[in-house]
Structures are given as structure tokens and as C-alpha cells.
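As provided, data-v1.cif (mmCIF, C-alpha atoms) reads as follows.
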```cif
data_coords
loop_
_atom_site.label_atom_id
_atom_site.label_comp_id
_atom_site.auth_asym_id
_atom_site.auth_seq_id
_atom_site.Cartn_x
_atom_site.Cartn_y
_atom_site.Cartn_z
CA MET A 1 58.23 99.85 125.22
CA ASP A 2 61.50 99.38 127.09
CA ILE A 3 64.23 97.14 125.74
CA ASN A 4 64.49 93.96 127.76
CA ILE A 5 67.79 92.12 127.84
CA ASN A 6 67.10 88.76 129.37
CA ASN A 7 69.90 86.40 130.48
CA ILE A 8 72.04 86.77 127.41
CA SER A 9 75.37 84.99 127.06
CA LYS A 10 77.96 85.35 124.34
CA SER A 11 81.27 83.59 123.79
CA PHE A 12 83.97 83.97 121.15
CA GLY A 13 85.60 80.56 120.93
CA GLU A 14 86.71 79.63 124.42
CA LYS A 15 86.32 83.17 125.72
CA ARG A 16 83.00 83.94 127.34
CA VAL A 17 82.31 87.66 127.14
CA LEU A 18 78.74 87.85 128.45
CA ARG A 19 77.24 85.47 130.96
CA ASP A 20 73.54 85.52 131.79
CA PHE A 21 73.42 89.28 131.56
CA SER A 22 70.07 90.99 132.09
CA ALA A 23 69.10 94.65 132.01
CA ASN A 24 66.30 97.01 131.12
CA ILE A 25 66.88 99.94 128.77
CA HIS A 26 64.38 102.75 129.27
CA LYS A 27 62.60 104.03 126.21
CA GLY A 28 63.03 107.74 125.45
CA LYS A 29 65.80 108.14 128.05
CA ILE A 30 69.56 108.28 128.15
CA ASN A 31 70.89 104.95 129.40
CA CYS A 32 74.56 104.68 130.33
CA ILE A 33 76.40 101.37 130.39
CA MET A 34 79.48 101.33 132.60
CA GLY A 35 81.91 98.58 133.39
CA PRO A 36 85.57 97.58 133.33
CA SER A 37 87.40 97.06 130.03
CA GLY A 38 86.68 93.66 128.50
CA CYS A 39 83.40 93.14 130.36
CA GLY A 40 81.46 92.95 127.09
CA LYS A 41 80.01 96.45 126.71
CA THR A 42 80.78 96.67 122.98
CA THR A 43 79.60 93.08 122.49
CA LEU A 44 76.33 94.01 124.17
CA LEU A 45 75.98 97.04 121.86
CA ASN A 46 76.71 94.83 118.84
CA ILE A 47 73.94 92.47 119.95
CA LEU A 48 71.53 95.39 120.43
CA MET A 49 72.48 96.82 117.03
CA GLY A 50 71.84 93.44 115.38
CA PHE A 51 75.41 92.69 114.31
CA LEU A 52 75.73 89.73 116.70
CA GLU A 53 73.34 87.07 117.95
CA PRO A 54 73.53 86.03 121.61
CA ASP A 55 74.37 82.37 122.21
CA SER A 56 71.48 82.22 124.65
CA GLY A 57 68.93 84.59 126.16
CA THR A 58 66.69 87.13 124.49
CA VAL A 59 66.60 90.80 123.61
CA THR A 60 63.20 92.34 122.95
CA GLY A 61 61.87 95.78 122.10
CA VAL A 62 64.78 97.12 120.02
CA PRO A 63 63.30 99.66 117.54
CA GLU A 64 63.82 99.25 113.79
CA LYS A 65 65.25 102.71 113.20
CA LYS A 66 68.72 102.81 114.70
CA SER A 67 71.74 105.07 114.51
CA ALA A 68 75.13 104.86 116.18
CA VAL A 69 78.41 106.44 117.11
CA PHE A 70 80.82 103.56 116.66
CA GLN A 71 84.02 103.16 118.63
CA GLU A 72 86.01 103.82 115.43
CA ASP A 73 83.90 106.68 113.94
CA ARG A 74 83.29 104.78 110.64
CA LEU A 75 83.23 107.90 108.50
CA VAL A 76 83.90 107.80 104.75
CA GLU A 77 87.31 109.46 104.83
CA SER A 78 87.31 110.94 101.32
CA PHE A 79 84.04 112.83 101.85
CA SER A 80 83.45 116.05 103.77
CA ALA A 81 81.83 116.31 107.19
CA VAL A 82 78.62 117.64 105.58
CA SER A 83 78.50 114.73 103.10
CA ASN A 84 79.18 112.18 105.82
CA VAL A 85 76.16 113.43 107.75
CA ARG A 86 73.95 113.89 104.68
CA MET A 87 74.59 110.38 103.39
CA VAL A 88 72.55 108.84 106.24
CA CYS A 89 69.83 111.49 106.34
CA GLY A 90 66.65 111.83 104.39
CA LYS A 91 65.75 114.77 102.14
CA ASP A 92 64.09 116.50 105.11
CA VAL A 93 67.52 117.27 106.59
CA SER A 94 68.94 120.18 104.60
CA VAL A 95 72.58 121.12 104.16
CA ASP A 96 71.91 124.21 106.28
CA THR A 97 70.57 122.07 109.14
CA VAL A 98 73.66 119.87 108.98
CA LYS A 99 75.90 122.93 109.05
CA GLN A 100 74.01 124.40 112.01
CA HIS A 101 74.47 121.19 113.98
CA LEU A 102 78.16 121.01 113.11
CA VAL A 103 78.59 124.59 114.32
CA LEU A 104 76.71 123.77 117.54
CA ILE A 105 79.19 121.01 118.24
CA GLY A 106 82.19 123.22 117.53
CA ILE A 107 83.12 122.44 113.91
CA GLU A 108 84.02 125.57 111.98
CA GLU A 109 82.65 126.31 108.48
CA LYS A 110 86.09 125.93 106.88
CA SER A 111 86.44 122.38 108.27
CA MET A 112 83.03 121.26 107.05
CA HIS A 113 83.91 120.93 103.38
CA VAL A 114 87.33 119.29 103.44
CA PRO A 115 87.65 115.47 103.41
CA VAL A 116 87.24 114.18 106.95
CA SER A 117 90.62 112.45 106.58
CA GLN A 118 92.08 115.95 107.11
CA LEU A 119 90.24 116.49 110.40
CA SER A 120 91.60 115.73 113.87
CA GLY A 121 90.40 112.69 115.82
CA GLY A 122 88.22 114.87 118.05
CA MET A 123 86.57 116.58 115.09
CA LYS A 124 85.85 113.25 113.40
CA ARG A 125 84.25 112.07 116.64
CA ARG A 126 81.97 115.10 116.65
CA VAL A 127 81.01 114.56 113.01
CA ALA A 128 80.09 110.96 113.89
CA ILE A 129 77.94 112.27 116.77
CA VAL A 130 76.08 114.75 114.54
CA ARG A 131 75.54 111.97 111.99
CA ALA A 132 73.95 109.73 114.64
CA ILE A 133 71.79 112.55 116.00
CA LEU A 134 70.46 113.76 112.63
CA ALA A 135 69.77 110.31 111.18
CA ASP A 136 66.14 109.26 111.26
CA SER A 137 66.21 106.94 114.28
CA GLU A 138 64.33 105.96 117.42
CA ILE A 139 67.39 104.68 119.26
CA ILE A 140 70.98 105.94 119.23
CA PHE A 141 73.87 103.74 120.32
CA MET A 142 77.04 105.53 121.39
CA ASP A 143 80.20 103.57 122.09
CA GLU A 144 82.53 105.79 124.13
CA PRO A 145 81.36 108.88 122.19
CA PHE A 146 83.41 111.40 124.16
CA LYS A 147 86.70 109.55 123.91
CA GLY A 148 89.53 111.84 122.78
CA LEU A 149 87.66 115.09 123.49
CA ASP A 150 89.18 117.71 125.77
CA THR A 151 87.20 118.74 128.86
CA GLY A 152 85.73 121.92 127.36
CA THR A 153 84.65 120.24 124.14
CA LYS A 154 83.28 117.28 126.07
CA HIS A 155 80.95 119.58 128.02
CA THR A 156 79.73 121.22 124.79
CA VAL A 157 79.17 117.84 123.14
CA ILE A 158 77.35 116.37 126.14
CA GLU A 159 75.02 119.39 126.24
CA TYR A 160 74.48 119.00 122.48
CA VAL A 161 73.60 115.30 122.89
CA LYS A 162 71.22 115.99 125.79
CA SER A 163 69.36 118.78 124.01
CA ASN A 164 69.06 116.96 120.67
CA THR A 165 67.92 113.52 121.77
CA THR A 166 64.71 114.44 123.55
CA GLY A 167 62.25 111.58 123.24
CA LYS A 168 64.81 109.22 121.75
CA THR A 169 66.28 106.19 123.45
CA VAL A 170 70.03 106.68 123.85
CA VAL A 171 72.46 103.97 124.94
CA VAL A 172 75.88 105.32 125.88
CA VAL A 173 78.85 103.14 126.73
CA THR A 174 81.30 104.95 128.98
CA HIS A 175 84.07 104.35 131.48
CA TYR A 176 83.47 107.56 133.41
CA ALA A 177 80.93 108.21 136.17
CA GLU A 178 81.35 111.93 135.50
CA GLU A 179 79.91 111.49 131.99
CA VAL A 180 76.94 109.55 133.40
CA GLN A 181 76.26 112.38 135.82
CA MET A 182 76.52 115.05 133.14
CA LEU A 183 74.23 113.09 130.80
CA GLU A 184 71.79 112.60 133.67
CA GLY A 185 71.25 109.11 132.40
CA SER A 186 70.17 105.96 134.15
CA LEU A 187 73.08 103.62 134.85
CA ILE A 188 73.51 100.01 133.87
CA ARG A 189 76.56 98.45 135.50
CA MET A 190 78.33 95.54 133.88
CA GLU A 191 80.79 93.18 135.56
CA MET A 192 83.36 90.85 134.08
CA ALA A 193 81.83 87.52 133.05
CA GLN A 194 82.81 85.00 135.74
CA ASP A 195 85.00 82.98 133.32
CA ASN A 196 87.06 86.05 132.44
CA LEU A 197 88.08 86.90 135.98
CA ALA A 198 91.78 86.37 136.48
CA MET B 1 116.09 112.87 75.68
CA ALA B 2 118.78 110.36 76.69
CA ALA B 3 116.81 107.63 74.91
CA LEU B 4 116.70 109.73 71.73
CA ILE B 5 120.49 110.26 71.88
CA VAL B 6 121.07 106.51 72.35
CA TRP B 7 118.67 105.77 69.48
CA GLN B 8 120.36 108.29 67.15
CA THR B 9 123.83 106.99 68.08
CA ALA B 10 122.79 103.37 67.50
CA ALA B 11 121.24 104.27 64.12
CA VAL B 12 124.42 106.10 63.05
CA ILE B 13 126.62 103.15 64.11
CA ILE B 14 124.40 100.55 62.40
CA ASP B 15 124.14 102.83 59.39
CA SER B 16 121.28 100.94 57.78
CA PRO B 17 117.89 102.70 57.51
CA LEU B 18 116.35 99.30 56.78
CA LEU B 19 117.38 97.90 60.16
CA LEU B 20 117.03 101.00 62.31
CA ALA B 21 115.56 104.32 61.21
CA THR B 22 116.97 107.42 62.86
CA PRO B 23 114.75 109.59 65.08
CA LEU B 24 115.02 112.31 62.44
CA THR B 25 113.71 109.99 59.71
CA VAL B 26 110.84 108.97 61.99
CA ALA B 27 110.07 112.63 62.75
CA HIS B 28 110.06 113.48 59.03
CA THR B 29 107.80 110.51 58.27
CA LEU B 30 105.44 111.56 61.07
CA ILE B 31 105.23 115.13 59.78
CA ARG B 32 104.55 113.85 56.26
CA LEU B 33 101.88 111.44 57.54
CA CYS B 34 100.17 114.16 59.59
CA ALA B 35 99.49 116.08 56.40
CA GLU B 36 97.60 113.12 54.89
CA ALA B 37 93.87 112.69 55.50
CA GLU B 38 94.31 108.91 55.35
CA PHE B 39 96.58 109.06 58.42
CA TRP B 40 93.83 110.59 60.54
CA GLN B 41 91.21 108.26 59.06
CA SER B 42 93.32 105.25 60.05
CA ILE B 43 93.71 106.59 63.57
CA GLY B 44 89.96 107.23 63.76
CA PHE B 45 89.19 103.73 62.46
CA SER B 46 91.36 101.97 65.04
CA LEU B 47 90.57 104.37 67.88
CA VAL B 48 86.81 103.90 67.58
CA ARG B 49 87.04 100.11 67.40
CA ILE B 50 89.69 99.51 70.06
CA MET B 51 88.14 101.95 72.53
CA SER B 52 84.67 100.48 71.85
CA GLY B 53 86.03 97.06 72.76
CA PHE B 54 87.64 98.56 75.86
CA LEU B 55 84.48 100.37 76.99
CA LEU B 56 82.27 97.34 76.39
CA ALA B 57 84.67 95.19 78.41
CA LEU B 58 84.78 97.84 81.14
CA ALA B 59 80.99 97.83 81.44
CA ALA B 60 80.75 94.03 81.26
CA GLY B 61 83.64 93.58 83.72
CA ILE B 62 82.03 95.89 86.28
CA VAL B 63 78.60 94.23 85.97
CA LEU B 64 80.05 90.70 86.18
CA ALA B 65 82.31 91.62 89.12
CA ALA B 66 79.36 93.19 90.95
CA ALA B 67 77.32 90.02 90.37
CA ALA B 68 80.25 87.82 91.46
CA GLY B 69 80.79 90.00 94.54
CA ARG B 70 77.13 89.66 95.48
CA PHE B 71 76.61 85.99 94.57
CA ARG B 72 79.45 83.54 95.18
CA ILE B 73 77.97 81.13 92.63
CA VAL B 74 78.50 83.67 89.84
CA GLU B 75 82.19 83.91 90.73
CA VAL B 76 82.50 80.12 90.74
CA LEU B 77 80.75 79.86 87.37
CA LEU B 78 82.79 82.66 85.77
CA ASN B 79 86.15 81.57 87.11
CA PRO B 80 86.97 78.92 84.43
CA TYR B 81 85.95 81.30 81.61
CA MET B 82 88.03 84.17 82.96
CA THR B 83 91.01 81.85 83.44
CA ALA B 84 90.59 80.52 79.89
CA VAL B 85 90.35 84.03 78.38
CA LYS B 86 93.50 85.05 80.27
CA SER B 87 95.45 81.94 79.22
CA ILE B 88 94.50 81.54 75.54
CA PRO B 89 97.03 83.27 73.25
CA VAL B 90 95.78 86.44 71.56
CA ALA B 91 96.75 84.96 68.16
CA SER B 92 94.32 82.05 68.67
CA PHE B 93 91.50 84.48 69.39
CA ILE B 94 92.40 86.56 66.36
CA VAL B 95 92.32 83.60 63.99
CA LEU B 96 89.09 82.36 65.54
CA CYS B 97 87.52 85.80 65.26
CA LEU B 98 88.55 86.02 61.62
CA ILE B 99 86.49 82.88 61.02
CA TRP B 100 83.52 84.17 63.02
CA LEU B 101 83.54 87.90 62.27
CA SER B 102 84.52 90.35 59.59
CA SER B 103 88.05 91.74 59.88
CA ARG B 104 86.59 95.22 60.46
CA SER B 105 85.12 94.23 63.85
CA LEU B 106 88.11 92.13 64.82
CA SER B 107 89.83 94.73 67.00
CA VAL B 108 86.60 95.43 68.94
CA PHE B 109 86.28 91.78 69.89
CA VAL B 110 89.96 91.22 70.66
CA ALA B 111 90.21 94.40 72.79
CA PHE B 112 87.06 93.26 74.62
CA LEU B 113 88.49 89.82 75.38
CA ILE B 114 91.82 91.19 76.56
CA VAL B 115 90.33 93.87 78.82
CA LEU B 116 87.44 91.90 80.34
CA PRO B 117 89.43 89.64 82.74
CA VAL B 118 91.63 92.54 83.88
CA VAL B 119 88.66 94.77 84.77
CA TYR B 120 86.70 91.87 86.26
CA ALA B 121 89.57 90.73 88.51
CA ASN B 122 90.44 94.25 89.72
CA VAL B 123 86.86 95.33 90.40
CA LEU B 124 86.04 92.05 92.16
CA HIS B 125 89.16 92.49 94.31
CA GLY B 126 88.00 96.04 95.07
CA ILE B 127 84.52 94.84 96.04
CA ARG B 128 86.01 92.13 98.27
CA SER B 129 88.25 94.75 99.92
CA THR B 130 85.37 97.12 100.71
CA ASP B 131 85.52 98.15 104.35
CA ARG B 132 83.15 95.79 106.21
CA LYS B 133 82.79 98.28 109.05
CA LEU B 134 81.48 100.94 106.65
CA LEU B 135 79.02 98.41 105.22
CA GLU B 136 77.85 97.64 108.76
CA MET B 137 77.41 101.37 109.31
CA ALA B 138 75.39 101.62 106.09
CA TYR B 139 73.25 98.65 107.18
CA LEU B 140 72.57 100.15 110.61
CA PHE B 141 71.64 103.55 109.17
CA ARG B 142 69.48 101.83 106.50
CA MET B 143 71.28 103.63 103.68
CA LYS B 144 69.61 103.27 100.29
CA TRP B 145 71.43 101.13 97.71
CA TRP B 146 72.34 104.09 95.51
CA LYS B 147 73.80 105.94 98.49
CA LYS B 148 75.85 102.88 99.41
CA LEU B 149 77.03 102.71 95.79
CA SER B 150 78.02 106.37 95.51
CA TYR B 151 79.38 106.92 99.03
CA ILE B 152 80.97 103.59 99.90
CA TYR B 153 81.52 101.30 96.92
CA ILE B 154 82.59 103.80 94.25
CA PRO B 155 85.16 105.65 96.41
CA GLN B 156 86.61 102.30 97.47
CA LEU B 157 86.57 100.90 93.93
CA LYS B 158 88.03 103.98 92.26
CA PRO B 159 91.71 103.12 92.79
CA TYR B 160 91.11 99.55 91.60
CA LEU B 161 89.22 100.84 88.55
CA ILE B 162 91.94 103.37 87.71
CA SER B 163 94.62 100.72 88.09
CA ALA B 164 92.64 98.29 85.89
CA CYS B 165 92.04 100.94 83.22
CA SER B 166 95.68 102.04 83.17
CA VAL B 167 96.80 98.48 82.46
CA ALA B 168 93.87 97.56 80.23
CA ILE B 169 94.04 100.55 77.87
CA GLY B 170 97.65 99.75 76.94
CA MET B 171 96.80 96.07 76.56
CA SER B 172 93.77 96.82 74.39
CA TRP B 173 95.92 98.88 72.01
CA LYS B 174 98.62 96.21 71.83
CA ALA B 175 96.14 93.41 71.18
CA GLY B 176 93.84 95.50 68.96
CA VAL B 177 96.64 96.60 66.62
CA ALA B 178 98.06 93.04 66.58
CA ALA B 179 94.61 91.83 65.52
CA GLU B 180 94.45 94.45 62.76
CA LEU B 181 97.93 93.46 61.60
CA ILE B 182 96.75 89.88 61.13
CA GLY B 183 93.24 90.63 59.86
CA ILE B 184 94.36 93.68 57.80
CA PRO B 185 91.04 95.55 57.82
CA GLU B 186 91.11 98.32 55.22
CA GLY B 187 91.92 101.76 56.62
CA SER B 188 93.25 100.60 60.01
CA ILE B 189 96.55 101.29 61.77
CA GLY B 190 97.26 97.55 61.54
CA GLU B 191 97.02 97.80 57.74
CA LYS B 192 99.57 100.63 57.75
CA LEU B 193 101.94 98.55 59.85
CA TYR B 194 101.45 95.66 57.43
CA GLU B 195 102.26 97.92 54.49
CA ALA B 196 105.38 99.13 56.30
CA LYS B 197 106.46 95.51 56.70
CA VAL B 198 105.72 94.61 53.07
CA TYR B 199 107.59 97.64 51.70
CA LEU B 200 110.37 97.31 54.31
CA SER B 201 109.68 100.90 55.35
CA THR B 202 111.27 100.97 58.80
CA GLY B 203 110.71 104.72 59.14
CA GLN B 204 106.98 104.30 58.63
CA LEU B 205 106.90 101.34 61.02
CA PHE B 206 108.60 103.40 63.73
CA ALA B 207 106.37 106.42 63.00
CA TRP B 208 103.18 104.36 63.39
CA THR B 209 104.57 102.74 66.55
CA VAL B 210 105.16 106.20 68.01
CA VAL B 211 101.60 107.15 67.05
CA ILE B 212 100.18 104.03 68.77
CA VAL B 213 102.16 104.77 71.96
CA ILE B 214 101.01 108.41 71.97
CA ILE B 215 97.34 107.52 71.43
CA SER B 216 97.48 104.77 74.04
CA VAL B 217 99.03 107.11 76.65
CA LEU B 218 96.58 109.90 75.74
CA CYS B 219 93.61 107.55 76.08
CA GLU B 220 94.90 106.44 79.48
CA LYS B 221 95.38 110.04 80.69
CA ILE B 222 91.99 111.21 79.40
CA PHE B 223 90.23 108.21 80.89
CA ASN B 224 91.89 108.58 84.30
CA TYR B 225 91.05 112.29 84.29
CA ALA B 226 87.43 111.51 83.45
CA LEU B 227 87.22 108.86 86.18
CA ASN B 228 88.67 111.27 88.74
CA ALA B 229 86.29 114.03 87.63
CA VAL B 230 83.18 111.84 87.64
CA PHE B 231 83.93 110.17 90.97
CA LYS B 232 85.23 113.25 92.75
CA PRO B 233 84.39 113.14 96.48
CA ARG B 234 82.01 115.87 97.66
#
```
Reformat the file's structure so that it appears as C-alpha cells.
Amino acid sequence: MDININNISKSFGEKRVLRDFSANIHKGKINCIMGPSGCGKTTLLNILMGFLEPDSGTVTGVPEKKSAVFQEDRLVESFSAVSNVRMVCGKDVSVDTVKQHLVLIGIEEKSMHVPVSQLSGGMKRRVAIVRAILADSEIIFMDEPFKGLDTGTKHTVIEYVKSNTTGKTVVVVTHYAEEVQMLEGSLIRMEMAQDNLA
Amino acid sequence: MAALIVWQTAAVIIDSPLLLATPLTVAHTLIRLCAEAEFWQSIGFSLVRIMSGFLLALAAGIVLAAAAGRFRIVEVLLNPYMTAVKSIPVASFIVLCLIWLSSRSLSVFVAFLIVLPVVYANVLHGIRSTDRKLLEMAYLFRMKWWKKLSYIYIPQLKPYLISACSVAIGMSWKAGVAAELIGIPEGSIGEKLYEAKVYLSTGQLFAWTVVIVIISVLCEKIFNYALNAVFKPR
């Protein structure tokens, strides 16, 4: 079943972020959300993830099992890349599987076992992506997942995401049409809520 | 080294072993005491009791802080008791405990009461400071409670726990020995200090004080090492 977002609105104090926004997120597909900064993309993701309630409107069909790449990675800095991935996985995901995925995304063996606090921003991002992919989930939310990655790495990571999310619903927030094209995802455009227009 | 020189100089100037023993006298007394079985028995007696009080308070403090962190009502209910325990003079507790308990268990109880509010306050502060964004992540990924405990709470609480233990171990020794000095349980360090006072043996008083400082520092180091080893990130 698709996810139906029906006329949702959300305000923070006086500031209205979403106004009567509606969209349809296709099940088992990559769905890309694009829009200008401040149009409420992250707020929409937070509503879909269950962290926020809309002031009005409804969201239906969001699966129970979720995973995410947050805007700020949200890794446990004192643990290694392998541990950060393993902590959200079940017993069926072995250490070897985690390592294989980290290699696929361009993380070398020597970087897998040091605390992630010692990794670069781009490497942390990739660890967060592997964590979201390997977690037992039906839907993956990705908030600007390729931010901070160089062009070559971005291509590798996008290919990795495409080939490892078959059958899963993926919601990607991005600013770049190029990423939407590479992901071959369906596009949901967001505009600034009317009250926020200068 | 500088402190030893100042101490020696002051002792030579004062020139009264009753008022201020020299470092050499203290060293001689310590060497003599080390050869006596009673010395080690006294250390064992106080060590077991004071550290038992400390460990019991550590466990109780963590459990109570976890409950207070989870349920606001527990924090509200505990607050007046913790404030009272922190404010009541140690001497009042000691006298009260002497009425309630035998002098042999006095240091356990006093160490417990002194350490409990320190551990409770630090751990609760640590729980309150836990990164909300990581907890949201754990919620979204449906992490099991024991994974949340070992991967999120414990790493975040570790510095608070180490800080609490560093302060609390020293405090437990100060209060525990003070309790023994008043209660004078047979075979304790407090009894030895009392004897030093009665016989005006300043050298022995200084020697036992040095011993207390060494044991307290050693306990702190060993405990911090153990905490770091047990909660080592993987």
C-alpha cells in the first residue's frame, strides 16, 4: 500500500512550515522529495518517521519497520563503524556482512574498527547509509544522504543504495535534480508554504 | 618532593615531635607498622566496610537515578531525602547510627549515606544529558532496551559515573574513618587513629593518615581503571 499524505499542515509557533501538503509515496520504489530550503522537507520526514504530529491532515500507510539516514548522521561517536551498524541489526546480519557492505561503499578495513569520531564527515555519512540499509526495515528515510560526498563517491553510494533497496520503499530528500535522475526515483516537489514567502 | 622539604623544614623549626612529626619519623613508623599483622588487619577491616558502603551506594544511586530519569514522580519524591542526606552533618549520622547499629557496621552505613546523593545526582544529570537525537534514532530503529543501555546510555553516563566515583571514593574514606574514630570499632583504622590521639603519638597519626590517603587514591585508580575496562567502546 502506498503512503498517502493528505492535506497536512504544520506550524512551529507563528511559523507555518507545511500548508495543506498532499502527496503519494510509492511502495517499494525510490521517492525523491525536492524543494527549496525551508520548505518543510525535513519536517515532512519527521512527520513520516513519527517524531512529529501534523497540526491537521492525515498520513496513512507508513510501515512499522523504519530506518533512516538523518541529516546529522546520529552515530554513536565512541563506537566503531561496524558496531554502529550492528547495534541496529538483528543476529541475522553478521559482522562479515557489515564489513562487506562497508567495503562496497568505500570504507577500508582499517577504518572500520576505529571510533567513528576519528572518521571524516563523508565516511560517517556512508556508515549511516549502510546502517539504514542493513537494518530490518520496510521503509528507509534519507535526509540529504549524499551531502558532503565528492562526485566519485556520490556515484558509488547512489549505485549502492539503488542495488540494496530493491523492494523497499525509500524516501530521499535532496536539493539536486541530478541525484533524482541517478536514483531513477519518482519526484515529489515541495514549495514554500504560502505564509513563508517573503 | 617540595612538599616534603617544606614539611621537614617546618618540623625542624618547630622542633616538637608532639606538634609536628618529621617525614622521617613518619616513614620509620610506617615501616614498623608494615611489619605488624595488626596493621594489615586494620586496613582490611576498614577497606571491606568502607568499600562495601561505597559499592552499595553506587548500585542504589544508579538504580534510583535510572528510576528518577524514567519517572519524574520518583525524582520529586526522592528530592527531599537526597537534600536532607546531603545537608545533615556526618557527625549526626554517626551518633544516630551508633544508637541503631553496632559500631562494626558503622562505616558501611556512613559511607553509603555520603556516597548515595553524589552518585544519584551525577548519574541523573548524565541521564538527563543523554543525546535526544540518539534516543530518537534508537526509537526509529526499534533498538532493544539492552542495546540502548549498552550503546547509548552507558557510553554517555561513563564520564558522569567516573566523576562521581572519583569524588565519592575520597568522601567515603573521609566519612568512614571519621565514623570509626567516633564509634571506635575494634581492629579498625579509626581505632588506630584514636589510639594515636590518646597516646599523643603524632608520628603514628601521620603514618595512618598517609595510609588512608594512599588507600583512597589506590581505590579511586583501580575503580576508574575497572570502569574504563568494563565499559570500553567496541
Pull out every residue of chain A sitting within 6 Å of chain B, counting only C-alpha atoms, and send them as a count of residues only.
4
Selection in question (the file shown): the PyMOL selection byres ((chain A and resi 124) around 12). Which residues does it include, as a PDB file with C-alpha atoms, keeping the file's coordinate frame?
```
ATOM      1  CA  VAL A  69      78.410 106.440 117.110  1.00  0.00           C
ATOM      2  CA  PHE A  70      80.820 103.560 116.660  1.00  0.00           C
ATOM      3  CA  GLN A  71      84.020 103.160 118.630  1.00  0.00           C
ATOM      4  CA  GLU A  72      86.010 103.820 115.430  1.00  0.00           C
ATOM      5  CA  ASP A  73      83.900 106.680 113.940  1.00  0.00           C
ATOM      6  CA  ARG A  74      83.290 104.780 110.640  1.00  0.00           C
ATOM      7  CA  LEU A  75      83.230 107.900 108.500  1.00  0.00           C
ATOM      8  CA  VAL A  76      83.900 107.800 104.750  1.00  0.00           C
ATOM      9  CA  GLU A  77      87.310 109.460 104.830  1.00  0.00           C
ATOM     10  CA  PHE A  79      84.040 112.830 101.850  1.00  0.00           C
ATOM     11  CA  SER A  80      83.450 116.050 103.770  1.00  0.00           C
ATOM     12  CA  ALA A  81      81.830 116.310 107.190  1.00  0.00           C
ATOM     13  CA  VAL A  82      78.620 117.640 105.580  1.00  0.00           C
ATOM     14  CA  ASN A  84      79.180 112.180 105.820  1.00  0.00           C
ATOM     15  CA  VAL A  85      76.160 113.430 107.750  1.00  0.00           C
ATOM     16  CA  LEU A 102      78.160 121.010 113.110  1.00  0.00           C
ATOM     17  CA  ILE A 105      79.190 121.010 118.240  1.00  0.00           C
ATOM     18  CA  GLY A 106      82.190 123.220 117.530  1.00  0.00           C
ATOM     19  CA  ILE A 107      83.120 122.440 113.910  1.00  0.00           C
ATOM     20  CA  SER A 111      86.440 122.380 108.270  1.00  0.00           C
ATOM     21  CA  MET A 112      83.030 121.260 107.050  1.00  0.00           C
ATOM     22  CA  VAL A 114      87.330 119.290 103.440  1.00  0.00           C
ATOM     23  CA  PRO A 115      87.650 115.470 103.410  1.00  0.00           C
ATOM     24  CA  VAL A 116      87.240 114.180 106.950  1.00  0.00           C
ATOM     25  CA  SER A 117      90.620 112.450 106.580  1.00  0.00           C
ATOM     26  CA  GLN A 118      92.080 115.950 107.110  1.00  0.00           C
ATOM     27  CA  LEU A 119      90.240 116.490 110.400  1.00  0.00           C
ATOM     28  CA  SER A 120      91.600 115.730 113.870  1.00  0.00           C
ATOM     29  CA  GLY A 121      90.400 112.690 115.820  1.00  0.00           C
ATOM     30  CA  GLY A 122      88.220 114.870 118.050  1.00  0.00           C
ATOM     31  CA  MET A 123      86.570 116.580 115.090  1.00  0.00           C
ATOM     32  CA  ARG A 125      84.250 112.070 116.640  1.00  0.00           C
ATOM     33  CA  ARG A 126      81.970 115.100 116.650  1.00  0.00           C
ATOM     34  CA  VAL A 127      81.010 114.560 113.010  1.00  0.00           C
ATOM     35  CA  ALA A 128      80.090 110.960 113.890  1.00  0.00           C
ATOM     36  CA  ILE A 129      77.940 112.270 116.770  1.00  0.00           C
ATOM     37  CA  VAL A 130      76.080 114.750 114.540  1.00  0.00           C
ATOM     38  CA  ARG A 131      75.540 111.970 111.990  1.00  0.00           C
ATOM     39  CA  PRO A 145      81.360 108.880 122.190  1.00  0.00           C
ATOM     40  CA  PHE A 146      83.410 111.400 124.160  1.00  0.00           C
ATOM     41  CA  LYS A 147      86.700 109.550 123.910  1.00  0.00           C
ATOM     42  CA  GLY A 148      89.530 111.840 122.780  1.00  0.00           C
ATOM     43  CA  LEU A 149      87.660 115.090 123.490  1.00  0.00           C
TER      44      LEU A 149
END
```
Could you please determine the separation between atom CA of A:Val157 and atom CA of A:Lys41 in Å, to one decimal place?
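That distance, rounded to one decimal, is 21.7 Å.
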Using only C-alpha atoms for the distances, tell me which of A:Gly50, A:Tyr160, A:Met192, A:Val173 is nearest to A:Gln100.
A:Tyr160
Between atom CA of A:Arg19 and atom CA of A:Glu64, what is the distance, to one decimal in Å?
25.8 Å
Residues picked by the PyMOL selection byres ((chain B and resi 164) around 10) here, as a ChimeraX atom specification?
/B:58,115-123,158-163,165-169
Check what the PyMOL selection byres ((chain B and resi 13-28) around 10) selects in the file above and give those residues as a VMD selection string.
chain B and resid 4 to 5 7 to 12 29 to 34 200 to 210
For atom CA of A:Asn46 and atom CA of A:Gly13, quote the distance in Å rounded to one decimal.
16.9 Å
With all atoms listed in the file as the counted atoms, please give the residues lying no more than 9 Å from B:Ser107, apart from itself and same-chain residues fewer than 3 positions off, as a VMD selection string.
chain B and resid 46 49 to 50 53 94 103 to 104 110 to 112 172 to 173 175 to 180 183
Of the candidates B:Leu124, B:Thr130, B:Val95, B:Ser216, which one gets nearest to B:Ala65 if we count all atoms listed in the file?
B:Leu124
Residues within 7 Å of A:Ile25, please, as a ChimeraX atom specification. Count all atoms listed in the file; anything in the same chain fewer than 6 positions from it doesn't count.
/A:2-4,31
For stretch 81-91 of chain B in the structure I just supplied, write out N, CA and C atoms - as a compact mmCIF listing (two decimals), in the first residue's frame.
```txt
# COMPACT_ATOMS: atom_id res chain seq x y z
N TYR B 81 14.65 13.76 50.34
CA TYR B 81 15.52 12.83 51.08
C TYR B 81 16.98 13.06 50.69
N MET B 82 17.21 13.23 49.39
CA MET B 82 18.59 13.43 48.93
C MET B 82 19.13 14.76 49.49
N THR B 83 18.29 15.79 49.49
CA THR B 83 18.70 17.08 50.03
C THR B 83 19.01 16.94 51.52
N ALA B 84 18.16 16.21 52.24
CA ALA B 84 18.38 16.02 53.68
C ALA B 84 19.68 15.28 53.93
N VAL B 85 19.92 14.19 53.19
CA VAL B 85 21.14 13.39 53.38
C VAL B 85 22.38 14.25 53.12
N LYS B 86 22.28 15.14 52.10
CA LYS B 86 23.43 15.99 51.77
C LYS B 86 23.67 17.04 52.86
N SER B 87 22.58 17.52 53.47
CA SER B 87 22.70 18.65 54.40
C SER B 87 23.01 18.24 55.84
N ILE B 88 22.55 17.06 56.25
CA ILE B 88 22.74 16.66 57.66
C ILE B 88 24.22 16.39 57.92
N PRO B 89 24.76 16.95 59.00
CA PRO B 89 26.19 16.73 59.29
C PRO B 89 26.50 15.24 59.49
N VAL B 90 27.70 14.85 59.04
CA VAL B 90 28.11 13.44 59.15
C VAL B 90 28.07 13.01 60.62
N ALA B 91 28.48 13.90 61.51
CA ALA B 91 28.54 13.57 62.95
C ALA B 91 27.16 13.15 63.46
```
